[in-house]
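Note: the block below is upload.txt and it holds compact mmCIF, C-alpha atoms.
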```txt
# COMPACT_ATOMS: atom_id res chain seq x y z
CA LYS A 29 22.14 85.20 34.52
CA ARG A 30 19.55 86.56 36.88
CA TRP A 31 20.87 89.02 39.43
CA GLN A 32 21.33 87.64 42.93
CA PRO A 33 22.32 89.49 46.14
CA LYS A 34 25.90 89.14 47.33
CA ARG A 35 26.50 86.63 50.06
CA LYS A 36 29.25 86.30 52.66
CA ASN A 37 32.28 84.53 51.24
CA THR A 38 34.02 81.79 53.16
CA LEU A 39 37.72 81.15 52.65
CA GLN A 40 38.71 77.54 53.08
CA HIS A 41 42.48 77.21 53.14
CA CYS A 42 43.87 73.70 53.29
CA HIS A 43 47.55 73.40 54.20
CA CYS A 44 47.48 69.78 53.09
CA THR A 45 46.89 70.59 49.37
CA ASN A 46 48.15 74.22 49.40
CA ARG A 47 45.01 75.54 47.69
CA SER A 48 42.01 77.70 48.62
CA LYS A 49 38.38 77.19 47.70
CA MET A 50 35.74 79.89 47.76
CA SER A 51 32.28 78.66 48.71
CA GLN A 52 29.17 80.72 48.00
CA SER A 53 26.97 78.74 50.43
CA PRO A 54 26.98 80.01 53.98
CA HIS A 55 25.61 76.66 55.22
CA LYS A 56 28.50 74.54 54.00
CA PRO A 57 30.18 72.76 56.96
CA ALA A 58 33.77 73.57 57.98
CA GLY A 59 36.47 71.58 56.23
CA ASN A 60 36.62 70.43 52.61
CA SER A 61 36.08 67.35 50.54
CA ASP A 62 39.80 66.55 50.41
CA GLY A 63 39.80 65.38 54.03
CA CYS A 64 41.29 68.51 55.61
CA ASP A 65 39.98 68.96 59.14
CA LEU A 66 41.19 72.54 59.55
CA PRO A 67 38.39 75.04 60.30
CA SER A 68 37.37 77.57 57.72
CA VAL A 69 38.11 81.25 58.27
CA SER A 70 35.45 83.78 57.29
CA VAL A 71 36.54 86.80 55.30
CA GLN A 72 34.39 89.80 54.49
CA PRO A 73 34.39 90.86 50.80
CA GLY A 74 37.38 93.13 50.15
CA ALA A 75 39.05 92.27 53.45
CA ARG A 76 42.73 91.36 53.66
CA ARG A 77 43.46 87.65 53.63
CA PRO A 78 44.75 86.63 57.09
CA ALA A 79 48.42 85.77 57.17
CA GLN A 80 49.64 82.85 59.24
CA ARG A 81 51.14 85.28 61.79
CA ASP A 82 47.64 86.82 62.28
CA ILE A 83 46.01 83.52 63.31
CA PRO A 84 45.51 83.72 67.09
CA ASP A 85 47.29 81.20 69.26
CA ASP A 86 45.95 80.98 72.79
CA ASP A 87 49.08 79.56 74.43
CA GLY A 88 51.57 81.76 72.60
CA GLN A 89 53.45 78.84 71.07
CA GLU A 90 53.20 80.07 67.49
CA ARG A 91 54.56 83.52 68.39
CA GLY A 92 57.39 81.92 70.34
CA LYS A 93 58.35 79.76 67.34
CA LEU A 94 58.34 82.75 65.01
CA ARG A 95 60.44 84.81 67.43
CA LYS A 96 62.90 81.95 67.89
CA ALA A 97 63.27 81.62 64.11
CA ASP A 98 63.94 85.37 63.84
CA HIS A 99 66.57 85.19 66.60
CA GLU A 100 68.36 82.26 64.99
CA ARG A 101 68.61 84.18 61.72
CA VAL A 102 70.45 87.17 63.24
CA SER A 103 73.89 87.10 64.88
CA PRO A 104 73.47 87.47 68.67
CA PHE A 105 76.90 89.11 68.85
CA ARG A 106 75.89 92.08 66.69
CA VAL A 107 72.52 92.50 68.39
CA ALA A 108 74.06 92.38 71.88
CA LEU A 109 76.78 94.80 70.84
CA VAL A 110 74.29 97.50 69.84
CA ALA A 111 71.66 96.79 72.52
CA GLY A 112 74.27 96.66 75.27
CA GLY A 113 75.73 100.01 74.23
CA VAL A 114 72.32 101.69 74.30
CA ALA A 115 71.42 100.12 77.67
CA GLY A 116 74.70 101.12 79.31
CA THR A 117 74.40 104.72 78.21
CA SER A 118 70.75 104.91 79.32
CA VAL A 119 71.34 103.78 82.88
CA ASP A 120 74.49 105.83 83.46
CA MET A 121 72.88 109.03 82.24
CA ALA A 122 69.63 108.50 84.15
CA LEU A 123 71.00 107.52 87.57
CA PHE A 124 74.43 109.15 87.73
CA PRO A 125 73.65 111.31 90.84
CA LEU A 126 72.97 108.20 92.94
CA ASP A 127 76.34 106.79 91.92
CA THR A 128 78.01 110.05 92.98
CA LEU A 129 76.36 109.98 96.42
CA LYS A 130 77.46 106.37 96.89
CA THR A 131 81.08 107.19 96.00
CA ARG A 132 81.19 110.13 98.42
CA MET A 133 79.81 108.02 101.25
CA GLN A 134 82.59 105.48 100.66
CA ALA A 135 85.38 108.07 100.32
CA PRO A 136 87.96 108.20 103.15
CA HIS A 137 87.32 111.92 103.81
CA GLY A 138 83.60 111.35 104.39
CA PHE A 139 80.48 112.41 102.56
CA TYR A 140 80.43 116.17 103.16
CA ARG A 141 84.17 116.77 102.78
CA SER A 142 84.04 114.94 99.44
CA GLY A 143 81.36 117.28 98.12
CA GLY A 144 78.09 116.35 99.82
CA PHE A 145 75.13 117.08 97.57
CA ARG A 146 77.03 119.61 95.44
CA GLY A 147 78.20 118.82 91.91
CA VAL A 148 76.52 115.43 91.68
CA TYR A 149 77.22 115.34 87.94
CA ASN A 150 81.01 115.63 88.29
CA GLY A 151 82.59 112.91 86.16
CA LEU A 152 79.58 112.49 83.90
CA PHE A 153 81.68 112.90 80.75
CA ALA A 154 83.98 110.03 81.73
CA ALA A 155 81.00 107.81 82.56
CA ALA A 156 79.34 108.61 79.23
CA ALA A 157 82.54 107.87 77.32
CA GLY A 158 82.95 104.44 78.88
CA SER A 159 79.41 103.22 79.47
CA ALA A 160 78.44 102.39 75.88
CA PRO A 161 81.61 100.48 74.85
CA GLY A 162 81.87 98.76 78.25
CA ALA A 163 78.30 97.50 78.20
CA ALA A 164 78.55 96.57 74.52
CA ILE A 165 81.65 94.43 75.15
CA PHE A 166 80.06 92.82 78.19
CA PHE A 167 76.81 91.80 76.51
CA SER A 168 78.36 90.69 73.22
CA THR A 169 80.72 88.43 75.18
CA TYR A 170 77.99 87.28 77.57
CA GLU A 171 75.44 86.39 74.89
CA THR A 172 78.01 84.56 72.74
CA VAL A 173 79.40 82.46 75.60
CA LYS A 174 75.94 81.82 77.07
CA GLU A 175 74.56 80.56 73.77
CA ASP A 176 77.51 78.22 73.30
CA LEU A 177 77.40 76.82 76.86
CA THR A 178 73.63 76.36 77.10
CA GLU A 179 73.65 74.36 73.86
CA ARG A 180 76.34 72.04 75.24
CA PHE A 181 74.85 71.33 78.69
CA ASP A 182 71.51 70.17 80.06
CA PRO A 183 69.08 72.76 81.51
CA ILE A 184 69.95 71.74 85.07
CA TYR A 185 73.43 73.22 84.52
CA HIS A 186 72.24 76.46 82.90
CA PRO A 187 72.63 78.62 86.05
CA ALA A 188 76.32 77.67 86.09
CA CYS A 189 76.47 78.55 82.38
CA TYR A 190 75.08 82.02 83.16
CA MET A 191 77.72 82.48 85.86
CA ALA A 192 80.56 81.48 83.54
CA ALA A 193 79.27 83.64 80.68
CA SER A 194 78.82 86.71 82.87
CA SER A 195 82.31 86.26 84.35
CA CYS A 196 83.83 86.24 80.86
CA GLY A 197 81.84 89.35 80.00
CA GLU A 198 82.99 91.19 83.13
CA VAL A 199 86.67 90.40 82.59
CA ALA A 200 86.44 91.70 79.02
CA ALA A 201 84.40 94.79 79.91
CA CYS A 202 86.71 95.83 82.75
CA TRP A 203 89.44 96.72 80.25
CA ILE A 204 87.17 99.62 79.24
CA ARG A 205 85.35 100.14 82.52
CA VAL A 206 88.31 100.51 84.91
CA PRO A 207 90.00 103.54 83.27
CA THR A 208 86.70 105.42 83.10
CA GLU A 209 85.89 104.41 86.70
CA ASN A 210 89.21 105.84 87.85
CA ILE A 211 88.50 109.18 86.20
CA LYS A 212 84.86 109.28 87.25
CA GLN A 213 85.37 108.42 90.93
CA LYS A 214 88.25 110.83 91.42
CA MET A 215 86.09 113.62 90.06
CA GLN A 216 83.07 112.51 92.09
CA ALA A 217 85.17 112.67 95.27
CA GLY A 218 86.28 116.23 94.45
CA MET A 219 89.94 115.40 93.85
CA TYR A 220 89.99 117.22 90.49
CA LYS A 221 87.98 120.09 89.05
CA ASN A 222 87.90 119.07 85.39
CA THR A 223 88.57 116.07 83.18
CA GLY A 224 91.82 117.40 81.71
CA ASP A 225 93.45 117.88 85.12
CA CYS A 226 92.23 114.44 86.17
CA LEU A 227 93.75 112.75 83.11
CA ARG A 228 97.12 114.44 83.65
CA GLY A 229 97.08 113.71 87.38
CA ILE A 230 96.36 109.99 86.92
CA ALA A 231 98.99 109.64 84.20
CA ARG A 232 101.57 111.46 86.35
CA ALA A 233 100.84 109.47 89.50
CA GLY A 234 100.78 106.12 87.72
CA ARG A 235 103.68 106.87 85.39
CA GLY A 236 101.66 106.44 82.22
CA TYR A 237 98.73 104.24 81.31
CA LYS A 238 99.19 101.96 84.36
CA GLY A 239 97.61 104.61 86.58
CA PHE A 240 94.34 104.25 84.70
CA TYR A 241 94.19 100.53 85.55
CA LYS A 242 94.68 100.99 89.27
CA GLY A 243 92.10 98.83 91.00
CA TYR A 244 91.58 96.47 88.05
CA VAL A 245 91.90 93.33 90.18
CA ALA A 246 89.61 94.80 92.84
CA THR A 247 87.03 95.71 90.19
CA VAL A 248 87.06 92.22 88.66
CA SER A 249 86.88 90.73 92.16
CA ARG A 250 83.73 92.77 92.73
CA GLU A 251 82.10 92.22 89.35
CA ILE A 252 82.41 88.43 89.21
CA PRO A 253 80.54 87.76 92.50
CA PHE A 254 78.04 90.43 91.48
CA SER A 255 77.35 88.62 88.20
CA PHE A 256 77.25 85.24 89.94
CA ILE A 257 74.25 86.51 91.91
CA GLN A 258 72.56 88.80 89.38
CA PHE A 259 72.45 86.83 86.13
CA PRO A 260 71.21 83.47 87.45
CA ILE A 261 68.39 85.38 89.20
CA TYR A 262 67.69 87.37 86.03
CA GLU A 263 67.72 84.46 83.58
CA THR A 264 65.94 81.97 85.86
CA SER A 265 63.17 84.41 86.81
CA LYS A 266 62.59 85.20 83.13
CA LYS A 267 62.26 81.49 82.33
CA GLN A 268 59.90 80.82 85.23
CA TRP A 269 57.74 83.84 84.39
CA SER A 270 57.62 82.81 80.72
CA ARG A 271 56.63 79.25 81.64
CA TRP A 272 53.93 80.49 84.04
CA GLN A 273 52.24 82.79 81.51
CA GLY A 274 52.77 80.51 78.50
CA ARG A 275 54.68 83.00 76.34
CA ASP A 276 57.93 84.95 76.23
CA VAL A 277 58.36 87.74 78.76
CA SER A 278 57.98 91.32 77.58
CA PRO A 279 60.75 93.95 77.91
CA ILE A 280 58.96 95.41 80.95
CA GLN A 281 58.87 92.01 82.63
CA SER A 282 62.55 91.50 81.81
CA ALA A 283 63.27 94.88 83.37
CA LEU A 284 61.58 93.83 86.63
CA CYS A 285 63.60 90.60 86.70
CA GLY A 286 66.79 92.58 86.16
CA SER A 287 65.85 95.05 88.89
CA ILE A 288 65.34 92.29 91.46
CA GLY A 289 68.60 90.56 90.55
CA GLY A 290 70.53 93.82 90.52
CA GLY A 291 69.24 95.04 93.88
CA ILE A 292 70.02 91.77 95.67
CA SER A 293 73.51 91.45 94.19
CA ALA A 294 74.30 95.13 94.89
CA ALA A 295 73.53 94.78 98.60
CA PHE A 296 75.61 91.62 99.01
CA THR A 297 78.67 92.94 97.13
CA THR A 298 78.84 96.39 98.79
CA PRO A 299 81.95 95.49 100.87
CA LEU A 300 83.85 94.64 97.69
CA ASP A 301 82.70 97.90 96.15
CA VAL A 302 84.02 99.86 99.15
CA VAL A 303 87.45 98.22 98.76
CA LYS A 304 87.46 98.97 95.03
CA THR A 305 86.51 102.62 95.58
CA ARG A 306 89.22 103.17 98.19
CA MET A 307 91.88 101.64 95.94
CA MET A 308 90.88 103.84 93.02
CA LEU A 309 90.89 106.98 95.17
CA GLY A 310 94.43 106.01 96.15
CA ALA A 311 94.93 107.11 99.77
CA ASP A 312 93.20 107.40 103.12
CA CYS A 313 92.22 110.63 104.88
CA SER A 314 95.78 111.12 106.15
CA GLY A 315 97.24 110.81 102.66
CA THR A 316 98.78 107.35 103.15
CA HIS A 317 98.49 105.30 99.96
CA TYR A 318 96.85 101.89 99.93
CA ARG A 319 99.14 98.96 99.13
CA GLY A 320 97.00 96.26 97.56
CA MET A 321 93.64 94.73 98.45
CA LEU A 322 94.63 93.12 101.76
CA ASP A 323 96.14 96.34 103.07
CA THR A 324 93.01 98.22 102.02
CA VAL A 325 90.71 95.72 103.74
CA HIS A 326 92.75 95.89 106.96
CA ARG A 327 92.76 99.68 107.09
CA ILE A 328 89.03 100.01 106.31
CA HIS A 329 88.27 97.59 109.14
CA ALA A 330 90.50 99.60 111.48
CA GLU A 331 88.47 102.75 110.73
CA GLY A 332 85.10 101.40 111.84
CA GLY A 333 84.83 97.62 111.80
CA MET A 334 82.42 95.72 109.56
CA LYS A 335 80.00 98.64 109.46
CA LYS A 336 82.52 100.60 107.38
CA PHE A 337 82.37 97.99 104.62
CA PHE A 338 78.68 98.74 104.08
CA SER A 339 79.13 102.47 103.55
CA GLY A 340 76.81 103.61 100.77
CA VAL A 341 74.78 100.38 100.72
CA VAL A 342 71.44 102.23 100.43
CA PRO A 343 72.27 104.47 97.44
CA ARG A 344 74.16 101.58 95.80
CA THR A 345 71.18 99.23 96.15
CA LEU A 346 68.76 101.90 94.91
CA TRP A 347 71.07 102.87 92.05
CA ILE A 348 71.60 99.33 90.78
CA GLY A 349 68.04 98.20 91.54
CA LEU A 350 66.53 101.07 89.55
CA GLY A 351 69.41 100.87 87.11
CA GLY A 352 68.72 97.17 86.53
CA CYS A 353 65.17 98.05 85.55
CA VAL A 354 66.35 100.74 83.09
CA PHE A 355 69.33 98.69 81.91
CA PHE A 356 67.61 95.39 81.16
CA GLY A 357 64.42 97.08 79.96
CA SER A 358 66.41 99.11 77.42
CA TYR A 359 68.50 96.10 76.49
CA GLU A 360 65.53 93.80 75.80
CA SER A 361 63.59 96.53 73.97
CA VAL A 362 66.47 97.32 71.65
CA LYS A 363 67.10 93.62 71.11
CA GLU A 364 63.52 93.04 69.97
CA LEU A 365 63.68 96.10 67.73
CA LEU A 366 66.91 94.91 66.12
CA TYR A 367 65.55 91.41 65.56
CA ASP A 368 62.55 92.94 63.78
CA ILE A 369 64.54 95.16 61.43
CA MET A 370 67.64 93.04 60.74
```

Reformat the file's structure so that it appears as structure tokens.
Amino acid sequence: KRWQPKRKNTLQHCHCTNRSKMSQSPHKPAGNSDGCDLPSVSVQPGARRPAQRDIPDDDGQERGKLRKADHERVSPFRVALVAGGVAGTSVDMALFPLDTLKTRMQAPHGFYRSGGFRGVYNGLFAAAAGSAPGAAIFFSTYETVKEDLTERFDPIYHPACYMAASSCGEVAACWIRVPTENIKQKMQAGMYKNTGDCLRGIARAGRGYKGFYKGYVATVSREIPFSFIQFPIYETSKKQWSRWQGRDVSPIQSALCGSIGGGISAAFTTPLDVVKTRMMLGADCSGTHYRGMLDTVHRIHAEGGMKKFFSGVVPRTLWIGLGGCVFFGSYESVKELLYDIM
């Protein structure tokens, strides 16, 4: 055969017949003789054949279908367990000083007598020990219950499903969170110098393990309203943002949604947080012990009225607002990573 110059190859892939035809004529119209109307895709000689995942999709529907298929293949419980643990540790380590300032502003002895700006990392070890398992238990419970409820009910009821799922997660997580909160807040308020003395003091005062669960009811009473506000805002804003842009939200966008939800819920639930902090610290400035939630509420009000219930609202809102960004950003990033590798 006489030598002829190479010409651009055209790959015609028909999904109807599952076969490919190579045409040497650059003027051949798109499609093939078998009645397939799909456009041809040009490939340079030696180039990699485009996979179906590489075909661009303007409205993001193909990517969303592939991601959904990947998510259905992996257990949400295992993914949430790992991602939640990483997210909880990240936020507690990054923003611990703000939490310390908030606790000292809510303490009965006042901000400066409780330590002021000194030793803002007191209690960090206790927070680090409890943050990963607490967040892991919360998110594994939350994702499992949420998936079950949202499949059973119509979308109009999904905000209520998020509330119920987050409440279940908080009740489960508080079994880990409350003992570490007791240790952490007592050290933040300057009641103990080291973790060993704090552990012995709590056990002695509470006659065993019960001392570590002091304030459990107050903590749950704070966390459930907090979740009722935060997670419907978080989940609904993610859905609306995804619908507006025509594709799933990115981890950064999820982080912004979590930050907004966290900041709003933190401001509204500050009075409950003040009651919880006082109960965990155990006594007022005169050394008189608190006797339950109602007694604590009455005595806080007697100290300074309603204004006293909003002690530490600014650092709490900043801490949880910024923390929501770090927390949910880390959570969604690790989730996507785990779905890719599992």

Can you build me a table of range 319-338 of chain A residues sitting at most 10 Å from range 300-315 of chain A, with the closest atom pair per residue and its distance in Å to one decimal, using all atoms listed in the file, sorted by chain and residue number, as a Markdown table?
```
| residue | atom | partner | partner_atom | distance |
| --- | --- | --- | --- | --- |
| A:Arg319 | CA | A:Met307 | CA | 8.4 |
| A:Gly320 | CA | A:Met307 | CA | 7.6 |
| A:Met321 | CA | A:Val303 | CA | 7.1 |
| A:Leu322 | CA | A:Val303 | CA | 9.3 |
| A:Asp323 | CA | A:Met307 | CA | 9.9 |
| A:Thr324 | CA | A:Val303 | CA | 6.4 |
| A:Val325 | CA | A:Val303 | CA | 6.5 |
| A:Arg327 | CA | A:Asp312 | CA | 8.7 |
| A:Ile328 | CA | A:Val303 | CA | 7.9 |
| A:Lys336 | CA | A:Val302 | CA | 8.4 |
| A:Phe337 | CA | A:Val302 | CA | 6.0 |
| A:Phe338 | CA | A:Val302 | CA | 7.4 |
```

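Residue nearest Phe259 in chain A within the list A:Ala160, A:Ala122, A:Leu152, A:Cys189: A:Cys189 [criterion: smallest interatomic distance, all atoms listed in the file].
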
Open item on the list: Set the distance at 9 Å and use only C-alpha atoms: which residues neighbour Glu198 in chain A once local chain neighbours fewer than 5 positions away are removed? I'd like the list as a list in words.
Closed with: Ile165, Phe166, Thr169, Tyr170, Ala193, Trp203, Val248, Glu251, Ile252 and Ser255 of chain A

Open item on the list: Just the number, please: distance in Å from CA of Lys267 in chain A to CA of Ser118 in chain A, one decimal.
Closed with: 25.1 Å

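Taking CA of Arg132 in chain A as the reference point, CA of Gly144 in chain A is found at 7.1 Å.
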
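If only C-alpha atoms are the atoms counted, then among A:Gly236, A:Pro207, A:Gly357, A:Gly224 the closest residue to Ala283 in chain A is A:Gly357.
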
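Rounded to one decimal, CA of Cys353 in chain A and CA of Pro125 in chain A lie 16.6 Å from each other.
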
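Nearest-residue note for Met133 in chain A: choosing from A:Thr223, A:Thr172, A:Gln213, A:Ser361, the minimum distance belongs to A:Gln213, counting all atoms listed in the file.
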
- [ ] May I have the residues within 10 Å of Ala201 in chain A as a ChimeraX atom specification, using all atoms listed in the file and disregarding those fewer than 5 positions away in the same chain?
- [x] /A:158-159,161-169,195-196,206,248

Build an axis-aligned box that encloses every atom of range 113-124 of chain A listed in the file, pad it by 8 Å on each side, and report its centre and edge lengths in Å to one decimal, as lines of an AutoDock Vina configuration file.
```
center_x = 72.7
center_y = 104.6
center_z = 81.0
size_x = 22.1
size_y = 25.1
size_z = 29.5
```

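Using all atoms listed in the file, the shortest contact distance between Met121 in chain A and any of A:Ala135, A:Pro183, A:Ala233, A:Val148 is found at A:Val148.
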